[in-house]
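First up is the structure itself, then whatever we jot down about it.
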Amino acid sequence: MFKLRKILLFIILLIFVILPLSSLKAVPPQSPVYVLSIDGPIVPVVADYIESGLQEAEKNGASCIVIELSTPGGLYSTTQKIVTKILNSHIPVVVYVSPAGAWAGSAGTFITLSANVAAMAPGSRIGAAHPVSMEDDSALSDVQRQKLTHDAAAWIRSIAENRGRDPKNAEMAVIESKSFTDTEALNAHLVDFKATNLNDLLKKINGLTVKNFDGTITTLQTDGPIKYFPMSSAQKFLFAISDPNIAYLLMSAGILGIVLELYHPGAIFPGVAGGISLLLGLYTLGTLNAQLSGMLLVILGLVLLASEAFVVSHGILAVGGITSFVLGSLMLFSGNQMGLTINKGVVFATAFFMAAFVSFLLAAVIKAQKRKVVTGVEGLIGEIGIAVSDINPNGIVLVEGERWQAESKEYIAKGEKVVITAVEGLTVKVEKIKEGGSKKND
């Protein structure tokens, strides 16, 4: 009877404790969904961010990677790098144009269409992908511009065909700069889903089968944990200053700092801060493919403004410097690059502030130059002294507690007040002044 109880107890434990625990251990962990967020122009640091996100997601066995995208466009060369990374990714990539009202313009269109799955939030739009960001349009002939446009059209057709999307509508976004609403893009077979938010998107694509460029088939499992992958601190900083307006303001602040240091040598801080800001601004403008001619004009403006501190030009160099600065600023992105422009209001406001700042410095310098010398021998001119002996024509005067050999064209009696008119070696030339008089040059 006792043995029977033990057997029954073992069976109960086996059914209700041991078997459930063993089955729990056998369930494999769910693969995470990696989420990246891009809100701004497509610049080199964005390509680095996407590459590091893809590497991290692949390393940790992610089921897929979702790129939340909102961009007015950006650099064509950077777009090529990003699209290449997405097309050759070993894990599925989902591009979600969000939040509501977002825009996947220009470069964003190529990136969206290159994804395994493309989705859009309500009120968002996609398109206007004419390749204006490749080069400075003003420097291209009509034939060159046409070649670039047709090359971009062929590229987007190729992407669309391989992802099972409508190549003709994709081409329209390039050739005619056509834009599509979320509903129009879905009907035109440019995107696969409309989703109100990220969770809605993950529910809709869960279990979806996608095909990669290498022919492998993957079934999306998006009910696992969501892993947000933000930019690193360095990437956030570089992305922040990659805004053309921020880069321009950094460069302008750098110019002002250096000019202030040149006008007031030894201040140190303006020179150091200005040098760092100027280099950061020029570096960023370089990565954004700003026109070299515009950058050279801006630098020329800096040289002219700095020269005003050393050359008496009565403001001509300063005016030329401001003019060169403004013209160079307007030329930096005169190719009308999509999403990469400097607000003209910022340009003129900065130029006005710079002109006012330089005018203030010039006024301070001129005032200092006109101020009477109060040190050294020259500082004696105009000072009042007392004759300690008769001066006829030579004698001794007492000026600021010191005795000087004096010379006068008129007779001056001992005890009379005199004013110094000139200094020759150790002899001062004086003139008699009336009682209660003041300095000659006051």
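Labels for the structure tokens follow display order: chains A, B, ..., residues from 1 in each chain, ligands from 1.
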Point to revise | Contacts of Glu184 of chain A within 9 Å, only C-alpha atoms, excl. fewer than 5 positions in-chain, as number ranges by chain | key: A: 125, 189-190
Which residues are close to Gly101 of chain A, i.e. within 9 Å by only C-alpha atoms, leaving aside same-chain residues fewer than 4 positions away? Reply as a CSV table (one decimal) with N, CA and C atoms, in the first residue's frame.
```csv
chain,number,residue,atom,x,y,z
A,70,SER,N,11.7,59.5,-41.9
A,70,SER,CA,11.1,60.8,-42.2
A,70,SER,C,12.2,61.7,-42.7
A,97,VAL,N,7.5,54.7,-43.3
A,97,VAL,CA,7.5,56.1,-43.4
A,97,VAL,C,6.5,56.6,-42.3
A,121,ALA,N,2.6,55.6,-42.8
A,121,ALA,CA,1.6,56.0,-41.8
A,121,ALA,C,0.6,56.9,-42.5
A,122,PRO,N,-0.6,57.1,-41.9
A,122,PRO,CA,-1.6,57.9,-42.4
A,122,PRO,C,-1.1,59.4,-42.6
A,123,GLY,N,-1.4,60.0,-43.7
A,123,GLY,CA,-1.0,61.4,-44.0
A,123,GLY,C,0.4,61.5,-44.4
A,124,SER,N,1.1,60.4,-44.6
A,124,SER,CA,2.5,60.6,-45.0
A,124,SER,C,2.5,60.6,-46.6
A,125,ARG,N,3.7,60.9,-47.1
A,125,ARG,CA,3.8,60.9,-48.6
A,125,ARG,C,5.2,60.5,-49.0
```
Exercise for review: Run DSSP on the backbone and give me the residues of segment 272-310 of chain A it puts in helix (DSSP H, G or I), as a PyMOL selection string.
Suggested key: chain A and resi 272-287+292-307
Review point. With only C-alpha atoms as the basis for distance, which of A:Val428, A:Val358, A:Ala195, A:Leu332 is at the shortest distance from Glu402 of chain A?
Key: A:Val428
Practice item. Have a look at A:Ile396, A:Arg403, A:Leu362, A:Ala387 and name the one nearest to His264 of chain A; count only C-alpha atoms. Key: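 When distances to His264 of chain A are compared using only C-alpha atoms, the smallest one comes from A:Leu362.
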Study note, to complete from the structure: Of A:Phe360, A:Ile175, A:Ile159, A:Tyr263, the one nearest to Gln146 of chain A when counting only C-alpha atoms is A:Ile175
Which residues of segment 317-368 of chain A sit at most 12 Å from segment 277-287 of chain A, using only C-alpha atoms? Give each one's shortest atom pair and distance in Å (one decimal place), in chain and ascending residue order, as a Markdown table.
```
| residue | atom | partner | partner_atom | distance |
| --- | --- | --- | --- | --- |
| A:Ser329 | CA | A:Leu285 | CA | 11.0 |
| A:Leu332 | CA | A:Leu285 | CA | 8.3 |
| A:Phe333 | CA | A:Leu285 | CA | 9.5 |
| A:Leu340 | CA | A:Leu285 | CA | 10.2 |
| A:Thr341 | CA | A:Leu285 | CA | 10.9 |
| A:Ile342 | CA | A:Leu285 | CA | 10.9 |
```
Exercise for review: For segment 212-216 of chain A, list every protein, DNA or RNA residue within 12 Å, evaluated using only C-alpha atoms, and leave out those in the same chain fewer than 5 positions away; present the list as JSON, numbers by chain.
Suggested key: {"A": [84, 85, 86, 87, 88, 89, 90, 91, 92, 93, 114, 115, 116, 117, 158, 159, 161, 162, 163, 164]}
Would you export the selected residues with N, CA and C atoms as an mmCIF file, in the first residue's frame, please?
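The resulting out.cif:
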```cif
data_model
loop_
_atom_site.group_PDB
_atom_site.id
_atom_site.type_symbol
_atom_site.label_atom_id
_atom_site.label_comp_id
_atom_site.auth_asym_id
_atom_site.auth_seq_id
_atom_site.Cartn_x
_atom_site.Cartn_y
_atom_site.Cartn_z
ATOM 1 N N THR A 84 22.421 50.005 -51.002
ATOM 2 C CA THR A 84 23.267 48.825 -51.183
ATOM 3 C C THR A 84 23.289 47.969 -49.925
ATOM 4 N N LYS A 85 23.385 48.598 -48.753
ATOM 5 C CA LYS A 85 23.409 47.856 -47.488
ATOM 6 C C LYS A 85 22.073 47.140 -47.267
ATOM 7 N N ILE A 86 20.958 47.816 -47.588
ATOM 8 C CA ILE A 86 19.642 47.205 -47.401
ATOM 9 C C ILE A 86 19.451 46.027 -48.349
ATOM 10 N N LEU A 87 19.820 46.208 -49.612
ATOM 11 C CA LEU A 87 19.632 45.144 -50.603
ATOM 12 C C LEU A 87 20.459 43.906 -50.286
ATOM 13 N N ASN A 88 21.624 44.101 -49.663
ATOM 14 C CA ASN A 88 22.506 42.973 -49.362
ATOM 15 C C ASN A 88 22.406 42.499 -47.918
ATOM 16 N N SER A 89 21.399 42.970 -47.205
ATOM 17 C CA SER A 89 21.225 42.566 -45.812
ATOM 18 C C SER A 89 20.816 41.094 -45.720
ATOM 19 N N HIS A 90 21.359 40.405 -44.704
ATOM 20 C CA HIS A 90 21.031 38.997 -44.494
ATOM 21 C C HIS A 90 19.740 38.818 -43.705
ATOM 22 N N ILE A 91 19.240 39.889 -43.118
ATOM 23 C CA ILE A 91 17.952 39.821 -42.422
ATOM 24 C C ILE A 91 16.987 40.787 -43.102
ATOM 25 N N PRO A 92 15.694 40.493 -43.068
ATOM 26 C CA PRO A 92 14.719 41.359 -43.750
ATOM 27 C C PRO A 92 14.724 42.785 -43.184
ATOM 28 N N VAL A 93 14.528 43.756 -44.076
ATOM 29 C CA VAL A 93 14.479 45.159 -43.691
ATOM 30 C C VAL A 93 13.095 45.712 -44.026
ATOM 31 N N SER A 114 13.638 50.118 -51.616
ATOM 32 C CA SER A 114 14.658 49.054 -51.555
ATOM 33 C C SER A 114 14.395 48.057 -50.448
ATOM 34 N N ALA A 115 13.442 48.341 -49.556
ATOM 35 C CA ALA A 115 13.187 47.471 -48.412
ATOM 36 C C ALA A 115 12.417 46.223 -48.815
ATOM 37 N N ASN A 116 12.564 45.159 -48.017
ATOM 38 C CA ASN A 116 11.770 43.944 -48.235
ATOM 39 C C ASN A 116 10.286 44.241 -48.068
ATOM 40 N N VAL A 117 9.984 45.072 -47.072
ATOM 41 C CA VAL A 117 8.606 45.485 -46.820
ATOM 42 C C VAL A 117 8.598 47.005 -46.673
ATOM 43 N N SER A 158 15.039 49.255 -61.394
ATOM 44 C CA SER A 158 15.675 47.998 -61.027
ATOM 45 C C SER A 158 15.332 47.597 -59.596
ATOM 46 N N ILE A 159 15.369 48.580 -58.701
ATOM 47 C CA ILE A 159 15.027 48.303 -57.297
ATOM 48 C C ILE A 159 13.579 47.834 -57.191
ATOM 49 N N GLU A 161 11.556 46.517 -59.490
ATOM 50 C CA GLU A 161 11.321 45.211 -60.120
ATOM 51 C C GLU A 161 11.763 44.072 -59.213
ATOM 52 N N ASN A 162 12.927 44.225 -58.605
ATOM 53 C CA ASN A 162 13.448 43.151 -57.764
ATOM 54 C C ASN A 162 12.695 43.016 -56.447
ATOM 55 N N ARG A 163 12.006 44.075 -56.032
ATOM 56 C CA ARG A 163 11.211 44.002 -54.801
ATOM 57 C C ARG A 163 9.735 43.764 -55.100
ATOM 58 N N GLY A 164 9.409 43.537 -56.368
ATOM 59 C CA GLY A 164 8.023 43.247 -56.730
ATOM 60 C C GLY A 164 7.115 44.455 -56.703
#
```
Check your understanding: Within 10 Å of Ala422 of chain A, counting only C-alpha atoms, which residues qualify if same-chain residues fewer than 3 places away don't, as a PyMOL selection string?
Key -> chain A and resi 377-378+380-382+407+419+425+427-431
**Study point:** Val347 of chain A surroundings by only C-alpha atoms, 12 Å radius, close-in-sequence under 5 positions cut, as an NGL selection string
**Key:** :A and (244-249 or 251-252 or 298 or 322-323 or 325-332 or 341-342 or 352-354)
Would you mind exporting N, CA, C and O atoms of the selected residues as a JSON list (two decimals), in the first residue's frame?
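As a result, result07.json now contains:
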```json
[["chain", "number", "residue", "atom", "x", "y", "z"],
["A", 244, "PRO", "N", 22.41, 71.74, -42.58],
["A", 244, "PRO", "CA", 23.13, 72.85, -43.23],
["A", 244, "PRO", "C", 23.08, 74.16, -42.45],
["A", 244, "PRO", "O", 24.06, 74.89, -42.40],
["A", 245, "ASN", "N", 21.93, 74.45, -41.83],
["A", 245, "ASN", "CA", 21.81, 75.69, -41.07],
["A", 245, "ASN", "C", 22.69, 75.68, -39.83],
["A", 245, "ASN", "O", 23.31, 76.69, -39.49],
["A", 246, "ILE", "N", 22.76, 74.52, -39.14],
["A", 246, "ILE", "CA", 23.61, 74.41, -37.96],
["A", 246, "ILE", "C", 25.08, 74.53, -38.36],
["A", 246, "ILE", "O", 25.86, 75.23, -37.71],
["A", 247, "ALA", "N", 25.45, 73.84, -39.44],
["A", 247, "ALA", "CA", 26.84, 73.91, -39.92],
["A", 247, "ALA", "C", 27.20, 75.34, -40.29],
["A", 247, "ALA", "O", 28.31, 75.81, -40.01],
["A", 248, "TYR", "N", 26.27, 76.04, -40.93],
["A", 248, "TYR", "CA", 26.52, 77.42, -41.34],
["A", 248, "TYR", "C", 26.70, 78.34, -40.12],
["A", 248, "TYR", "O", 27.59, 79.19, -40.10],
["A", 249, "LEU", "N", 25.85, 78.14, -39.11],
["A", 249, "LEU", "CA", 25.96, 78.96, -37.90],
["A", 249, "LEU", "C", 27.26, 78.67, -37.15],
["A", 249, "LEU", "O", 27.87, 79.58, -36.58],
["A", 251, "MET", "N", 30.08, 77.75, -38.55],
["A", 251, "MET", "CA", 31.13, 78.42, -39.32],
["A", 251, "MET", "C", 31.11, 79.92, -39.06],
["A", 251, "MET", "O", 32.18, 80.55, -38.87],
["A", 252, "SER", "N", 29.93, 80.52, -39.01],
["A", 252, "SER", "CA", 29.81, 81.96, -38.77],
["A", 252, "SER", "C", 30.32, 82.33, -37.39],
["A", 252, "SER", "O", 31.04, 83.32, -37.22],
["A", 298, "VAL", "N", 33.44, 82.51, -48.67],
["A", 298, "VAL", "CA", 33.24, 82.71, -47.23],
["A", 298, "VAL", "C", 34.58, 82.90, -46.52],
["A", 298, "VAL", "O", 34.74, 83.78, -45.67],
["A", 322, "ILE", "N", 32.07, 91.42, -45.68],
["A", 322, "ILE", "CA", 30.66, 91.07, -45.49],
["A", 322, "ILE", "C", 30.02, 90.67, -46.81],
["A", 322, "ILE", "O", 29.25, 89.70, -46.90],
["A", 323, "THR", "N", 30.31, 91.41, -47.88],
["A", 323, "THR", "CA", 29.76, 91.11, -49.20],
["A", 323, "THR", "C", 30.20, 89.73, -49.67],
["A", 323, "THR", "O", 29.40, 88.92, -50.15],
["A", 325, "PHE", "N", 31.19, 87.29, -47.80],
["A", 325, "PHE", "CA", 30.58, 86.30, -46.90],
["A", 325, "PHE", "C", 29.15, 85.98, -47.32],
["A", 325, "PHE", "O", 28.76, 84.81, -47.38],
["A", 326, "VAL", "N", 28.36, 87.01, -47.63],
["A", 326, "VAL", "CA", 26.96, 86.79, -48.01],
["A", 326, "VAL", "C", 26.87, 86.05, -49.35],
["A", 326, "VAL", "O", 26.11, 85.08, -49.48],
["A", 327, "LEU", "N", 27.65, 86.48, -50.34],
["A", 327, "LEU", "CA", 27.62, 85.82, -51.65],
["A", 327, "LEU", "C", 28.04, 84.36, -51.53],
["A", 327, "LEU", "O", 27.43, 83.47, -52.13],
["A", 328, "GLY", "N", 29.10, 84.10, -50.76],
["A", 328, "GLY", "CA", 29.54, 82.71, -50.57],
["A", 328, "GLY", "C", 28.49, 81.88, -49.86],
["A", 328, "GLY", "O", 28.27, 80.71, -50.20],
["A", 329, "SER", "N", 27.81, 82.48, -48.88],
["A", 329, "SER", "CA", 26.76, 81.75, -48.15],
["A", 329, "SER", "C", 25.63, 81.34, -49.08],
["A", 329, "SER", "O", 25.10, 80.22, -48.99],
["A", 330, "LEU", "N", 25.23, 82.24, -49.96],
["A", 330, "LEU", "CA", 24.13, 81.94, -50.89],
["A", 330, "LEU", "C", 24.55, 80.90, -51.94],
["A", 330, "LEU", "O", 23.69, 80.19, -52.48],
["A", 331, "MET", "N", 25.84, 80.80, -52.20],
["A", 331, "MET", "CA", 26.32, 79.85, -53.21],
["A", 331, "MET", "C", 26.58, 78.45, -52.65],
["A", 331, "MET", "O", 26.74, 77.50, -53.42],
["A", 332, "LEU", "N", 26.63, 78.31, -51.33],
["A", 332, "LEU", "CA", 27.02, 77.03, -50.74],
["A", 332, "LEU", "C", 26.17, 75.87, -51.25],
["A", 332, "LEU", "O", 26.68, 74.79, -51.56],
["A", 341, "THR", "N", 19.55, 72.78, -47.83],
["A", 341, "THR", "CA", 19.62, 74.19, -48.19],
["A", 341, "THR", "C", 19.78, 75.01, -46.91],
["A", 341, "THR", "O", 19.42, 74.57, -45.82],
["A", 342, "ILE", "N", 20.33, 76.20, -47.07],
["A", 342, "ILE", "CA", 20.46, 77.12, -45.94],
["A", 342, "ILE", "C", 19.36, 78.16, -46.06],
["A", 342, "ILE", "O", 19.18, 78.77, -47.12],
["A", 352, "PHE", "N", 23.88, 90.47, -41.02],
["A", 352, "PHE", "CA", 23.58, 91.72, -40.31],
["A", 352, "PHE", "C", 24.27, 91.75, -38.95],
["A", 352, "PHE", "O", 24.89, 92.75, -38.57],
["A", 353, "PHE", "N", 24.17, 90.64, -38.23],
["A", 353, "PHE", "CA", 24.81, 90.57, -36.91],
["A", 353, "PHE", "C", 26.32, 90.70, -37.03],
["A", 353, "PHE", "O", 26.96, 91.39, -36.24],
["A", 354, "MET", "N", 26.89, 90.05, -38.05],
["A", 354, "MET", "CA", 28.34, 90.11, -38.24],
["A", 354, "MET", "C", 28.77, 91.54, -38.58],
["A", 354, "MET", "O", 29.80, 92.03, -38.08]]
```
Review point. Between A:Glu171, A:Asp39, A:Glu410, A:Glu176, which has the minimum distance to Phe110 of chain A (counting only C-alpha atoms)?
Key: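 When distances to Phe110 of chain A are compared using only C-alpha atoms, the smallest one comes from A:Glu171.
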Review point. What does the distance from atom CA of Lys409 of chain A to atom CA of Glu383 of chain A come to in Å, to one decimal?
Key: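 It comes out at 17.9 Å.
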